[in-house]
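Structure file work_19.tsv (TSV, C-alpha atoms and all ligand atoms) is printed below.
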```
chain	number	residue	atom	x	y	z
O	14	MET	CA	-7.95	29.44	-19.68
O	15	ARG	CA	-4.95	31.21	-21.22
O	16	LYS	CA	-2.05	32.29	-19.04
O	17	ASN	CA	-2.22	36.11	-19.55
O	18	ILE	CA	-5.87	36.09	-18.43
O	19	LYS	CA	-4.70	33.88	-15.62
O	20	LYS	CA	-2.13	36.46	-14.49
O	21	ALA	CA	-4.84	39.16	-14.45
O	22	MET	CA	-7.20	36.85	-12.55
O	23	VAL	CA	-4.59	35.97	-9.94
O	24	LEU	CA	-3.79	39.71	-9.45
O	25	LEU	CA	-7.50	40.57	-9.19
O	26	LEU	CA	-8.09	37.76	-6.72
O	27	SER	CA	-5.13	38.82	-4.64
O	28	LEU	CA	-6.36	42.44	-4.54
O	29	SER	CA	-9.97	41.46	-3.75
O	30	PHE	CA	-8.78	39.11	-1.04
O	31	LEU	CA	-6.59	41.82	0.52
O	32	ALA	CA	-9.41	44.41	0.25
O	33	GLY	CA	-11.83	42.19	2.12
O	34	CYS	CA	-9.18	40.50	4.27
O	35	GLY	CA	-10.77	38.76	7.21
O	36	SER	CA	-14.31	39.58	6.09
O	37	SER	CA	-14.79	36.93	3.32
O	38	THR	CA	-16.85	33.88	4.17
O	39	TYR	CA	-15.73	30.33	3.55
O	40	LYS	CA	-18.00	30.29	0.47
O	41	GLU	CA	-16.33	33.40	-0.96
O	42	GLU	CA	-12.87	31.95	-0.29
O	43	LYS	CA	-13.95	28.70	-1.97
O	44	THR	CA	-15.17	30.67	-4.98
O	45	GLU	CA	-11.92	32.59	-5.16
O	46	GLU	CA	-9.98	29.33	-4.86
O	47	ASN	CA	-12.03	27.75	-7.64
O	48	THR	CA	-11.58	30.80	-9.84
O	49	ALA	CA	-7.82	30.71	-9.29
O	50	GLU	CA	-7.83	26.99	-10.05
O	51	GLN	CA	-9.74	27.57	-13.27
O	52	SER	CA	-7.30	30.28	-14.33
O	53	LEU	CA	-4.36	27.83	-14.40
O	54	VAL	CA	-3.05	26.53	-17.73
O	55	THR	CA	-3.87	22.84	-17.73
O	56	VAL	CA	-1.22	20.58	-19.26
O	57	GLY	CA	-1.86	16.90	-19.90
O	58	PHE	CA	1.50	15.11	-19.95
O	59	SER	CA	1.69	11.57	-21.35
O	60	GLN	CA	5.06	10.19	-20.27
O	61	LEU	CA	6.06	6.86	-21.86
O	62	GLY	CA	7.19	5.10	-18.72
O	63	ALA	CA	9.86	4.86	-16.03
O	64	GLU	CA	12.35	2.49	-17.68
O	65	SER	CA	15.53	4.42	-16.92
O	66	ASP	CA	17.19	7.10	-14.82
O	67	TRP	CA	16.95	9.36	-17.83
O	68	ARG	CA	13.19	8.91	-17.96
O	69	ASN	CA	12.70	9.52	-14.25
O	70	THR	CA	14.84	12.66	-14.39
O	71	ASN	CA	12.83	13.84	-17.38
O	72	THR	CA	9.58	13.29	-15.47
O	73	ILE	CA	10.89	15.19	-12.45
O	74	SER	CA	11.90	18.07	-14.72
O	75	MET	CA	8.36	18.29	-16.09
O	76	GLN	CA	6.67	17.94	-12.70
O	77	SER	CA	8.89	20.59	-11.09
O	78	THR	CA	8.22	23.02	-13.94
O	79	PHE	CA	4.47	22.69	-14.36
O	80	THR	CA	3.44	23.58	-10.81
O	81	LYS	CA	0.46	25.56	-9.56
O	82	GLU	CA	2.89	28.21	-8.28
O	83	ASN	CA	4.10	28.61	-11.87
O	84	GLY	CA	0.52	28.90	-13.09
O	85	TYR	CA	-0.10	25.35	-14.27
O	86	ASN	CA	-2.30	22.42	-13.50
O	87	LEU	CA	-0.33	19.32	-14.57
O	88	ILE	CA	-2.10	16.05	-15.24
O	89	TYR	CA	0.63	13.39	-15.43
O	90	LYS	CA	0.02	9.94	-16.89
O	91	ASN	CA	2.68	7.20	-16.92
O	92	GLY	CA	2.26	5.03	-20.02
O	93	GLN	CA	4.25	2.16	-18.48
O	94	GLN	CA	6.05	1.52	-21.79
O	95	LYS	CA	2.80	0.88	-23.67
O	96	GLN	CA	1.61	3.05	-26.55
O	97	ALA	CA	-1.98	1.92	-25.89
O	98	ASN	CA	-1.81	3.50	-22.43
O	99	GLN	CA	-0.50	6.74	-23.92
O	100	ILE	CA	-3.31	6.81	-26.49
O	101	THR	CA	-5.84	6.30	-23.68
O	102	ALA	CA	-4.19	9.13	-21.71
O	103	ILE	CA	-4.42	11.50	-24.68
O	104	ARG	CA	-8.11	10.66	-25.13
O	105	THR	CA	-8.67	11.34	-21.43
O	106	PHE	CA	-6.91	14.70	-21.74
O	107	ILE	CA	-9.21	15.56	-24.67
O	108	GLN	CA	-12.30	14.68	-22.62
O	109	GLN	CA	-10.95	16.79	-19.76
O	110	GLY	CA	-10.49	19.73	-22.12
O	111	VAL	CA	-6.85	20.41	-21.21
O	112	ASP	CA	-5.18	23.48	-22.70
O	113	TYR	CA	-2.12	21.57	-23.98
O	114	ILE	CA	-1.09	17.97	-24.50
O	115	VAL	CA	2.58	17.12	-24.04
O	116	LEU	CA	3.58	13.71	-25.40
O	117	ALA	CA	6.82	11.77	-24.88
O	118	PRO	CA	6.07	8.95	-27.34
O	119	GLU	CA	7.29	5.41	-26.66
O	120	THR	CA	7.86	4.69	-30.36
O	121	GLU	CA	7.46	6.65	-33.57
O	122	ASN	CA	4.55	4.94	-35.34
O	123	GLY	CA	0.80	4.72	-34.63
O	124	TRP	CA	-0.05	8.29	-33.57
O	125	ASP	CA	-1.96	9.70	-36.56
O	126	THR	CA	-5.47	8.87	-35.33
O	127	VAL	CA	-5.22	10.09	-31.76
O	128	LEU	CA	-3.30	13.24	-32.70
O	129	GLY	CA	-6.06	13.86	-35.24
O	130	GLU	CA	-8.58	13.67	-32.40
O	131	ALA	CA	-6.55	16.23	-30.41
O	132	ARG	CA	-6.55	18.55	-33.42
O	133	GLU	CA	-10.31	18.07	-33.80
O	134	ALA	CA	-10.61	19.19	-30.18
O	135	ASP	CA	-8.39	22.19	-30.97
O	136	ILE	CA	-5.81	21.17	-28.34
O	137	PRO	CA	-2.17	21.90	-29.30
O	138	VAL	CA	0.22	18.93	-28.96
O	139	ILE	CA	3.86	19.40	-28.03
O	140	LEU	CA	6.25	16.46	-28.49
O	141	VAL	CA	9.14	16.02	-26.07
O	142	ASP	CA	12.19	13.73	-26.34
O	143	ARG	CA	11.33	11.13	-28.98
O	144	ARG	CA	9.46	11.90	-32.20
O	145	VAL	CA	6.45	10.62	-34.06
O	146	ASN	CA	6.26	9.44	-37.66
O	147	VAL	CA	2.98	10.94	-38.92
O	148	SER	CA	1.76	11.70	-42.45
O	149	ASP	CA	0.84	15.26	-41.49
O	150	LYS	CA	3.34	17.15	-39.33
O	151	SER	CA	0.71	19.77	-38.52
O	152	LEU	CA	-0.73	17.20	-36.11
O	153	TYR	CA	1.70	18.59	-33.55
O	154	SER	CA	2.77	22.16	-32.86
O	155	CYS	CA	6.45	21.54	-32.14
O	156	TRP	CA	9.05	19.15	-30.67
O	157	VAL	CA	11.99	19.54	-28.31
O	158	GLY	CA	14.67	16.91	-27.75
O	159	SER	CA	18.02	15.51	-28.80
O	160	ASP	CA	19.60	14.75	-32.15
O	161	PHE	CA	20.06	11.06	-31.48
O	162	GLU	CA	21.89	10.27	-34.70
O	163	LEU	CA	24.35	13.05	-33.91
O	164	GLU	CA	24.86	11.52	-30.45
O	165	GLY	CA	25.70	8.23	-32.16
O	166	LYS	CA	27.98	9.89	-34.72
O	167	LYS	CA	29.92	11.59	-31.92
O	168	MET	CA	30.31	8.27	-30.13
O	169	ALA	CA	31.42	6.50	-33.31
O	170	ALA	CA	33.94	9.28	-33.93
O	171	TRP	CA	35.28	8.79	-30.41
O	172	ILE	CA	35.60	4.99	-30.92
O	173	LYS	CA	37.44	5.62	-34.21
O	174	ALA	CA	39.78	8.21	-32.69
O	175	TYR	CA	40.56	6.12	-29.61
O	176	THR	CA	41.10	2.78	-31.35
O	177	GLU	CA	43.36	4.47	-33.91
O	178	LYS	CA	45.35	6.00	-31.03
O	179	MET	CA	45.59	2.46	-29.62
O	180	GLY	CA	47.05	1.34	-32.97
O	181	MET	CA	44.17	-1.01	-33.70
O	182	GLU	CA	43.25	-2.13	-37.19
O	183	PRO	CA	39.54	-1.47	-38.05
O	184	GLU	CA	38.92	-5.15	-38.74
O	185	ASP	CA	40.11	-5.95	-35.20
O	186	ILE	CA	37.24	-3.95	-33.69
O	187	HIS	CA	34.51	-6.45	-32.83
O	188	VAL	CA	31.53	-4.41	-31.62
O	189	VAL	CA	28.07	-5.37	-30.36
O	190	ASN	CA	25.20	-2.92	-30.07
O	191	ILE	CA	22.82	-3.26	-27.12
O	192	GLN	CA	20.02	-1.22	-28.61
O	193	GLY	CA	17.29	0.79	-26.91
O	194	THR	CA	13.56	0.26	-27.33
O	195	ILE	CA	13.10	-0.80	-30.94
O	196	GLY	CA	11.27	1.83	-32.96
O	197	SER	CA	12.02	4.69	-30.59
O	198	THR	CA	13.72	7.74	-32.06
O	199	ALA	CA	16.68	7.39	-29.71
O	200	GLN	CA	17.26	3.78	-30.80
O	201	ILE	CA	16.79	4.52	-34.49
O	202	GLY	CA	19.32	7.37	-34.47
O	203	ARG	CA	21.96	5.74	-32.29
O	204	THR	CA	21.73	2.42	-34.14
O	205	ARG	CA	21.97	4.06	-37.57
O	206	ALA	CA	25.05	6.04	-36.54
O	207	LEU	CA	26.94	2.96	-35.37
O	208	ALA	CA	25.91	0.82	-38.35
O	209	ASN	CA	27.05	3.53	-40.78
O	210	ALA	CA	30.34	4.02	-38.94
O	211	ALA	CA	31.02	0.28	-38.82
O	212	ARG	CA	30.43	0.00	-42.56
O	213	GLU	CA	32.45	3.10	-43.44
O	214	ASN	CA	35.38	2.21	-41.14
O	215	GLY	CA	35.42	-1.55	-41.75
O	216	TRP	CA	34.60	-2.50	-38.14
O	217	ASP	CA	33.19	-5.94	-37.36
O	218	LEU	CA	29.63	-5.24	-36.14
O	219	LEU	CA	28.84	-8.63	-34.61
O	220	ALA	CA	25.25	-8.12	-33.44
O	221	GLU	CA	22.49	-5.65	-32.64
O	222	VAL	CA	20.14	-6.77	-29.86
O	223	SER	CA	17.62	-4.64	-27.92
O	224	GLY	CA	18.18	-4.09	-24.22
O	225	ASP	CA	15.03	-1.93	-24.11
O	226	PHE	CA	16.90	0.83	-22.23
O	227	THR	CA	16.79	-1.17	-18.98
O	228	GLU	CA	19.54	-2.50	-16.71
O	229	ALA	CA	17.99	-5.95	-16.38
O	230	LYS	CA	17.62	-6.44	-20.11
O	231	GLY	CA	21.09	-5.03	-20.71
O	232	ARG	CA	22.53	-7.62	-18.34
O	233	GLU	CA	20.56	-10.46	-19.95
O	234	VAL	CA	21.46	-9.45	-23.51
O	235	MET	CA	25.17	-9.02	-22.68
O	236	ALA	CA	25.30	-12.46	-21.06
O	237	GLY	CA	23.78	-13.95	-24.20
O	238	LEU	CA	26.22	-12.15	-26.48
O	239	LEU	CA	29.20	-13.40	-24.45
O	240	LYS	CA	27.95	-16.95	-25.02
O	241	ARG	CA	27.64	-16.32	-28.77
O	242	PHE	CA	30.93	-14.48	-29.38
O	243	ASP	CA	34.40	-14.87	-27.82
O	244	ASN	CA	35.97	-11.85	-29.53
O	245	ILE	CA	33.82	-8.88	-28.41
O	246	ASN	CA	36.05	-5.91	-27.55
O	247	VAL	CA	33.60	-2.97	-27.85
O	248	VAL	CA	30.08	-2.82	-26.36
O	249	TYR	CA	27.92	0.11	-27.57
O	250	CYS	CA	25.07	0.53	-25.06
O	251	GLU	CA	22.29	2.86	-26.15
O	252	ASN	CA	21.79	4.08	-22.59
O	253	ASP	CA	23.45	4.07	-19.15
O	254	ASN	CA	21.11	1.59	-17.54
O	255	GLU	CA	21.93	-1.01	-20.20
O	256	ALA	CA	25.63	-0.27	-19.68
O	257	ILE	CA	25.36	-0.91	-15.93
O	258	GLY	CA	23.73	-4.28	-16.64
O	259	ALA	CA	26.21	-5.15	-19.37
O	260	ILE	CA	29.21	-4.40	-17.15
O	261	ASP	CA	27.79	-6.67	-14.47
O	262	ALA	CA	27.36	-9.47	-17.01
O	263	ILE	CA	30.90	-9.00	-18.38
O	264	GLU	CA	32.47	-9.11	-14.92
O	265	SER	CA	30.27	-12.02	-13.88
O	266	ALA	CA	31.71	-13.89	-16.88
O	267	GLY	CA	35.20	-13.30	-15.50
O	268	LYS	CA	36.15	-10.70	-18.11
O	269	ARG	CA	37.44	-7.13	-17.66
O	270	VAL	CA	35.85	-3.89	-18.71
O	271	GLY	CA	38.20	-1.02	-19.40
O	272	THR	CA	40.00	0.91	-22.09
O	273	ASN	CA	43.07	-1.28	-22.65
O	274	ILE	CA	41.78	-3.45	-25.46
O	275	HIS	CA	45.30	-4.85	-26.09
O	276	ARG	CA	45.22	-6.27	-22.53
O	277	GLY	CA	41.92	-7.95	-23.36
O	278	ASP	CA	39.63	-5.33	-21.82
O	279	ILE	CA	36.12	-5.03	-23.20
O	280	MET	CA	35.45	-1.34	-23.88
O	281	VAL	CA	31.93	-0.18	-22.94
O	282	VAL	CA	30.49	3.09	-24.24
O	283	SER	CA	27.09	4.56	-23.38
O	284	PHE	CA	24.54	7.37	-23.73
O	285	ASP	CA	22.72	9.68	-21.28
O	286	GLY	CA	25.12	10.65	-18.45
O	287	VAL	CA	22.30	10.74	-15.88
O	288	ASN	CA	22.78	7.57	-13.83
O	289	GLU	CA	25.17	8.20	-10.90
O	290	ASP	CA	26.77	4.75	-11.18
O	291	SER	CA	27.46	5.24	-14.88
O	292	ILE	CA	29.11	8.60	-14.22
O	293	GLN	CA	31.30	6.97	-11.55
O	294	PHE	CA	32.10	4.13	-13.97
O	295	CYS	CA	33.09	6.76	-16.51
O	296	LYS	CA	35.40	8.37	-13.96
O	297	ASP	CA	36.88	4.93	-13.18
O	298	GLY	CA	37.32	4.03	-16.88
O	299	LYS	CA	34.81	1.17	-16.73
O	300	ILE	CA	32.69	3.13	-19.17
O	301	SER	CA	35.14	4.55	-21.71
O	302	CYS	CA	32.90	7.33	-23.03
O	303	ILE	CA	29.38	8.70	-22.44
O	304	ALA	CA	27.48	10.79	-24.97
O	305	GLU	CA	25.25	13.13	-23.00
O	306	CYS	CA	21.51	12.96	-23.57
O	307	ASN	CA	19.96	15.85	-21.68
O	308	PRO	CA	16.67	15.01	-19.85
O	309	HIS	CA	15.88	18.44	-18.38
O	310	HIS	CA	13.13	19.33	-20.82
O	311	GLY	CA	10.60	20.87	-18.40
O	312	PRO	CA	11.73	24.49	-18.81
O	313	ARG	CA	12.12	23.98	-22.57
O	314	VAL	CA	8.55	22.73	-22.91
O	315	GLU	CA	7.33	25.59	-20.76
O	316	ALA	CA	9.06	28.10	-23.06
O	317	LEU	CA	7.21	26.55	-26.00
O	318	ILE	CA	3.87	26.76	-24.18
O	319	GLU	CA	4.54	30.37	-23.21
O	320	ALA	CA	5.26	31.20	-26.85
O	321	LEU	CA	2.02	29.54	-27.92
O	322	GLU	CA	0.16	31.34	-25.11
O	323	ASP	CA	1.48	34.63	-26.50
O	324	GLY	CA	0.20	33.76	-29.96
O	325	GLU	CA	3.69	33.11	-31.35
O	326	THR	CA	4.69	30.19	-33.60
O	327	PRO	CA	7.71	28.44	-32.07
O	328	GLU	CA	10.29	26.60	-34.17
O	329	LYS	CA	8.90	23.22	-35.20
O	330	PHE	CA	12.01	21.28	-34.13
O	331	ASN	CA	14.05	22.44	-31.14
O	332	TYR	CA	17.33	20.59	-30.50
O	333	VAL	CA	19.28	20.68	-27.24
O	334	ASP	CA	23.09	20.99	-27.16
O	335	GLU	CA	24.85	18.00	-25.61
O	336	ARG	CA	28.38	17.10	-24.50
O	337	MET	CA	30.75	14.11	-24.49
O	338	PHE	CA	32.36	12.71	-21.33
O	339	SER	CA	35.41	10.49	-20.85
O	340	SER	CA	38.26	10.11	-18.36
O	341	VAL	CA	40.45	8.75	-21.18
O	342	LYS	CA	43.00	11.44	-21.96
O	343	ALA	CA	44.02	10.10	-25.37
O	344	VAL	CA	41.10	11.77	-27.18
O	345	THR	CA	40.38	15.42	-26.35
O	346	SER	CA	37.79	16.17	-29.02
O	347	VAL	CA	35.91	14.74	-31.98
O	348	THR	CA	34.67	16.47	-35.12
O	349	VAL	CA	31.33	15.48	-36.63
O	350	ASP	CA	29.82	17.12	-39.74
O	351	GLY	CA	32.34	19.96	-39.42
O	352	THR	CA	31.61	20.74	-35.75
O	353	LEU	CA	34.20	20.09	-33.04
O	354	TYR	CA	33.01	18.60	-29.75
O	355	LYS	CA	35.33	18.75	-26.74
O	356	ILE	CA	35.58	15.61	-24.63
O	357	GLU	CA	34.92	16.69	-21.04
O	358	GLU	CA	35.76	15.05	-17.71
O	359	PRO	CA	32.72	13.21	-16.31
O	360	GLU	CA	31.16	15.39	-13.58
W	1	LIG	C1	16.52	9.67	-25.08
W	1	LIG	C2	15.48	8.86	-24.38
W	1	LIG	C3	16.03	7.52	-24.05
W	1	LIG	C4	17.23	7.59	-23.11
W	1	LIG	C5	17.00	6.37	-22.31
W	1	LIG	O1	16.07	10.96	-25.22
W	1	LIG	O2	14.34	8.67	-25.20
W	1	LIG	O3	15.01	6.80	-23.39
W	1	LIG	O4	18.46	7.59	-23.76
W	1	LIG	C6	15.50	6.47	-22.10
W	1	LIG	O5	17.69	6.30	-21.11
W	1	LIG	O6	14.99	5.30	-21.60
```
Hey, can you dump this file as structure tokens for me?
Amino acid sequence: MRKNIKKAMVLLLSLSFLAGCGSSTYKEEKTEENTAEQSLVTVGFSQLGAESDWRNTNTISMQSTFTKENGYNLIYKNGQQKQANQITAIRTFIQQGVDYIVLAPETENGWDTVLGEAREADIPVILVDRRVNVSDKSLYSCWVGSDFELEGKKMAAWIKAYTEKMGMEPEDIHVVNIQGTIGSTAQIGRTRALANAARENGWDLLAEVSGDFTEAKGREVMAGLLKRFDNINVVYCENDNEAIGAIDAIESAGKRVGTNIHRGDIMVVSFDGVNEDSIQFCKDGKISCIAECNPHHGPRVEALIEALEDGETPEKFNYVDERMFSSVKAVTSVTVDGTLYKIEEPE
């Protein structure tokens, strides 16, 4: 049932309950309770998994926004990093007749059929965080999330600015990319930004290997890269959890992480800024720079649903503003595509 009817229903129920306070029977109270329940806006949320601190924070943001007190009935399904599970969840939501489907897709491809089924059932789909690659963009109402390629461009600009300040020649920058989940929008954007910057600046991009956005895989991949290459001096981790694992692998190999490349430090940079350890590492200089990726999408998705409830057409693509963090004083800002981004102290 739509929210404005819901508000009227809740008011009516409250008044009727007050009018007959103390006189209603259990059956009447049960009926009122059921009516109130039915007046909630039901949101089916297919979350891709729980692979990282970013993901868990994102889930908490959604769960703390779509509460009964706020007028919602949230049905949460964890896809456990499998698109098949998310497709099953969406089909379940359709059978349940939810009012809205919110999808945080694991990867970009393979959604046309199931989103077509949601449209057939006349259930609006809102995408959050990553995007989908579908032939017909009308299969979803709107999307809210980050500009991942911009995140990567900002990070590449920081690497350029800092290594130039350190007096390094471009060809002396030997960088490895520990990528996120292959095929996810975050990985595609961040990887493209580094690859383009390496080519344009003449950096030595040694390898790109997926760490799947997890600490364990980040550790494993970094250990493998240290066996393959003896000249790595920059590690570009596509999220904080990978960076935590990579730092452990670097130190376990008897090497140093830090910002003094001339001293032989390996410089680690990362994305998100959610994991407490990574923020502390950024304060300590173990992570040289973090590009923020904001996970607090619950209120943003709610604003989109409210607009749709009111019969409005929200913007199709809704980007969130994001910051850069570093305790390195040498670089105070970067400029990307004509926009200046201040480098802030990690908080
Ligand atoms: C980005 C999100 C990525 C995060 C990772 O919006 O999709 O997935 O950067 C998370 O931490 O696992």
Using 8 Å as the limit and counting all atoms listed in the file, can you tabulate each residue of chain O that touches ligand LIG 1 (chain W), with its shortest atom-to-atom distance in Å and the two atoms involved, as JSON lines?
```
{"residue": "O:Ala63", "atom": "CA", "partner": "W:LIG1", "partner_atom": "O6", "distance": 7.6}
{"residue": "O:Glu64", "atom": "CA", "partner": "W:LIG1", "partner_atom": "O6", "distance": 5.5}
{"residue": "O:Ser65", "atom": "CA", "partner": "W:LIG1", "partner_atom": "O6", "distance": 4.8}
{"residue": "O:Asp66", "atom": "CA", "partner": "W:LIG1", "partner_atom": "O5", "distance": 6.4}
{"residue": "O:Trp67", "atom": "CA", "partner": "W:LIG1", "partner_atom": "O5", "distance": 4.5}
{"residue": "O:Arg68", "atom": "CA", "partner": "W:LIG1", "partner_atom": "C6", "distance": 5.3}
{"residue": "O:Glu119", "atom": "CA", "partner": "W:LIG1", "partner_atom": "O2", "distance": 7.9}
{"residue": "O:Asp142", "atom": "CA", "partner": "W:LIG1", "partner_atom": "O1", "distance": 4.9}
{"residue": "O:Arg143", "atom": "CA", "partner": "W:LIG1", "partner_atom": "O2", "distance": 5.4}
{"residue": "O:Gly158", "atom": "CA", "partner": "W:LIG1", "partner_atom": "O1", "distance": 6.6}
{"residue": "O:Ser159", "atom": "CA", "partner": "W:LIG1", "partner_atom": "O1", "distance": 6.1}
{"residue": "O:Phe161", "atom": "CA", "partner": "W:LIG1", "partner_atom": "O1", "distance": 7.4}
{"residue": "O:Gly193", "atom": "CA", "partner": "W:LIG1", "partner_atom": "C5", "distance": 7.2}
{"residue": "O:Thr194", "atom": "CA", "partner": "W:LIG1", "partner_atom": "O6", "distance": 7.8}
{"residue": "O:Ser197", "atom": "CA", "partner": "W:LIG1", "partner_atom": "O2", "distance": 7.1}
{"residue": "O:Thr198", "atom": "CA", "partner": "W:LIG1", "partner_atom": "O2", "distance": 7.0}
{"residue": "O:Ala199", "atom": "CA", "partner": "W:LIG1", "partner_atom": "C1", "distance": 5.2}
{"residue": "O:Gln200", "atom": "CA", "partner": "W:LIG1", "partner_atom": "C3", "distance": 7.8}
{"residue": "O:Asp225", "atom": "CA", "partner": "W:LIG1", "partner_atom": "O6", "distance": 7.7}
{"residue": "O:Phe226", "atom": "CA", "partner": "W:LIG1", "partner_atom": "O6", "distance": 4.9}
{"residue": "O:Thr227", "atom": "CA", "partner": "W:LIG1", "partner_atom": "O6", "distance": 7.2}
{"residue": "O:Glu251", "atom": "CA", "partner": "W:LIG1", "partner_atom": "O4", "distance": 6.5}
{"residue": "O:Asn252", "atom": "CA", "partner": "W:LIG1", "partner_atom": "O5", "distance": 4.9}
{"residue": "O:Asp253", "atom": "CA", "partner": "W:LIG1", "partner_atom": "O5", "distance": 6.5}
{"residue": "O:Asn254", "atom": "CA", "partner": "W:LIG1", "partner_atom": "O5", "distance": 6.8}
{"residue": "O:Phe284", "atom": "CA", "partner": "W:LIG1", "partner_atom": "O4", "distance": 6.1}
{"residue": "O:Asp285", "atom": "CA", "partner": "W:LIG1", "partner_atom": "O4", "distance": 5.4}
{"residue": "O:Cys306", "atom": "CA", "partner": "W:LIG1", "partner_atom": "O1", "distance": 6.0}
{"residue": "O:Asn307", "atom": "CA", "partner": "W:LIG1", "partner_atom": "O1", "distance": 7.2}
{"residue": "O:Pro308", "atom": "CA", "partner": "W:LIG1", "partner_atom": "O1", "distance": 6.8}
```
Next, write the just-selected residues to a file, as an mmCIF file, in the coordinates of the input, keeping C-alpha atoms as the atom set.
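Dumped to selection.cif:
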```cif
data_model
loop_
_atom_site.group_PDB
_atom_site.id
_atom_site.type_symbol
_atom_site.label_atom_id
_atom_site.label_comp_id
_atom_site.auth_asym_id
_atom_site.auth_seq_id
_atom_site.Cartn_x
_atom_site.Cartn_y
_atom_site.Cartn_z
ATOM 1 C CA ALA O 63 9.860 4.860 -16.030
ATOM 2 C CA GLU O 64 12.350 2.490 -17.680
ATOM 3 C CA SER O 65 15.530 4.420 -16.920
ATOM 4 C CA ASP O 66 17.190 7.100 -14.820
ATOM 5 C CA TRP O 67 16.950 9.360 -17.830
ATOM 6 C CA ARG O 68 13.190 8.910 -17.960
ATOM 7 C CA GLU O 119 7.290 5.410 -26.660
ATOM 8 C CA ASP O 142 12.190 13.730 -26.340
ATOM 9 C CA ARG O 143 11.330 11.130 -28.980
ATOM 10 C CA GLY O 158 14.670 16.910 -27.750
ATOM 11 C CA SER O 159 18.020 15.510 -28.800
ATOM 12 C CA PHE O 161 20.060 11.060 -31.480
ATOM 13 C CA GLY O 193 17.290 0.790 -26.910
ATOM 14 C CA THR O 194 13.560 0.260 -27.330
ATOM 15 C CA SER O 197 12.020 4.690 -30.590
ATOM 16 C CA THR O 198 13.720 7.740 -32.060
ATOM 17 C CA ALA O 199 16.680 7.390 -29.710
ATOM 18 C CA GLN O 200 17.260 3.780 -30.800
ATOM 19 C CA ASP O 225 15.030 -1.930 -24.110
ATOM 20 C CA PHE O 226 16.900 0.830 -22.230
ATOM 21 C CA THR O 227 16.790 -1.170 -18.980
ATOM 22 C CA GLU O 251 22.290 2.860 -26.150
ATOM 23 C CA ASN O 252 21.790 4.080 -22.590
ATOM 24 C CA ASP O 253 23.450 4.070 -19.150
ATOM 25 C CA ASN O 254 21.110 1.590 -17.540
ATOM 26 C CA PHE O 284 24.540 7.370 -23.730
ATOM 27 C CA ASP O 285 22.720 9.680 -21.280
ATOM 28 C CA CYS O 306 21.510 12.960 -23.570
ATOM 29 C CA ASN O 307 19.960 15.850 -21.680
ATOM 30 C CA PRO O 308 16.670 15.010 -19.850
#
```
Between CA of Tyr354 (chain O) and CA of Gly271 (chain O) lies a distance of 22.8 Å
At what distance in Å, to one decimal, does CA of Val138 (chain O) lie from CA of Ala320 (chain O)?
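The value is 13.4 Å.
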Have a look at CA of Asn331 (chain O) and CA of Lys167 (chain O) and let me know their distance in Å, one decimal.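 Between these atoms lies a distance of 19.2 Å.
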Pick from O:Thr80, O:Thr72, O:Asn273, O:Ser59, whichever lies nearest to Ile100 (chain O) using all atoms listed in the file =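 Of all the options, O:Ser59 lies closest to Ile100 (chain O).
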Between O:Gly237, O:Gly129, O:Pro359, O:Gly311, smallest distance to Asp297 (chain O) by only C-alpha atoms belongs to O:Pro359
task = Enumerate, as a PyMOL selection string, the protein, DNA and RNA residues whose atoms approach (-4.1, 12.5, -22.7) to within 9 Å, taking into account all atoms listed in the file and the coordinate frame of the file.
result = chain O and resi 57-59+88-90+99-109+111+114-116+131
With only C-alpha atoms counted, which protein, DNA or RNA residues have an atom no more than 8 Å from (2.1, 4.6, -18.2) in the file frame? Please answer as a tab-separated table (two decimals) with C-alpha atoms, keeping the file's coordinate frame.
```tsv
chain	number	residue	atom	x	y	z
O	59	SER	CA	1.69	11.57	-21.35
O	60	GLN	CA	5.06	10.19	-20.27
O	61	LEU	CA	6.06	6.86	-21.86
O	62	GLY	CA	7.19	5.10	-18.72
O	90	LYS	CA	0.02	9.94	-16.89
O	91	ASN	CA	2.68	7.20	-16.92
O	92	GLY	CA	2.26	5.03	-20.02
O	93	GLN	CA	4.25	2.16	-18.48
O	94	GLN	CA	6.05	1.52	-21.79
O	95	LYS	CA	2.80	0.88	-23.67
O	98	ASN	CA	-1.81	3.50	-22.43
O	99	GLN	CA	-0.50	6.74	-23.92
```
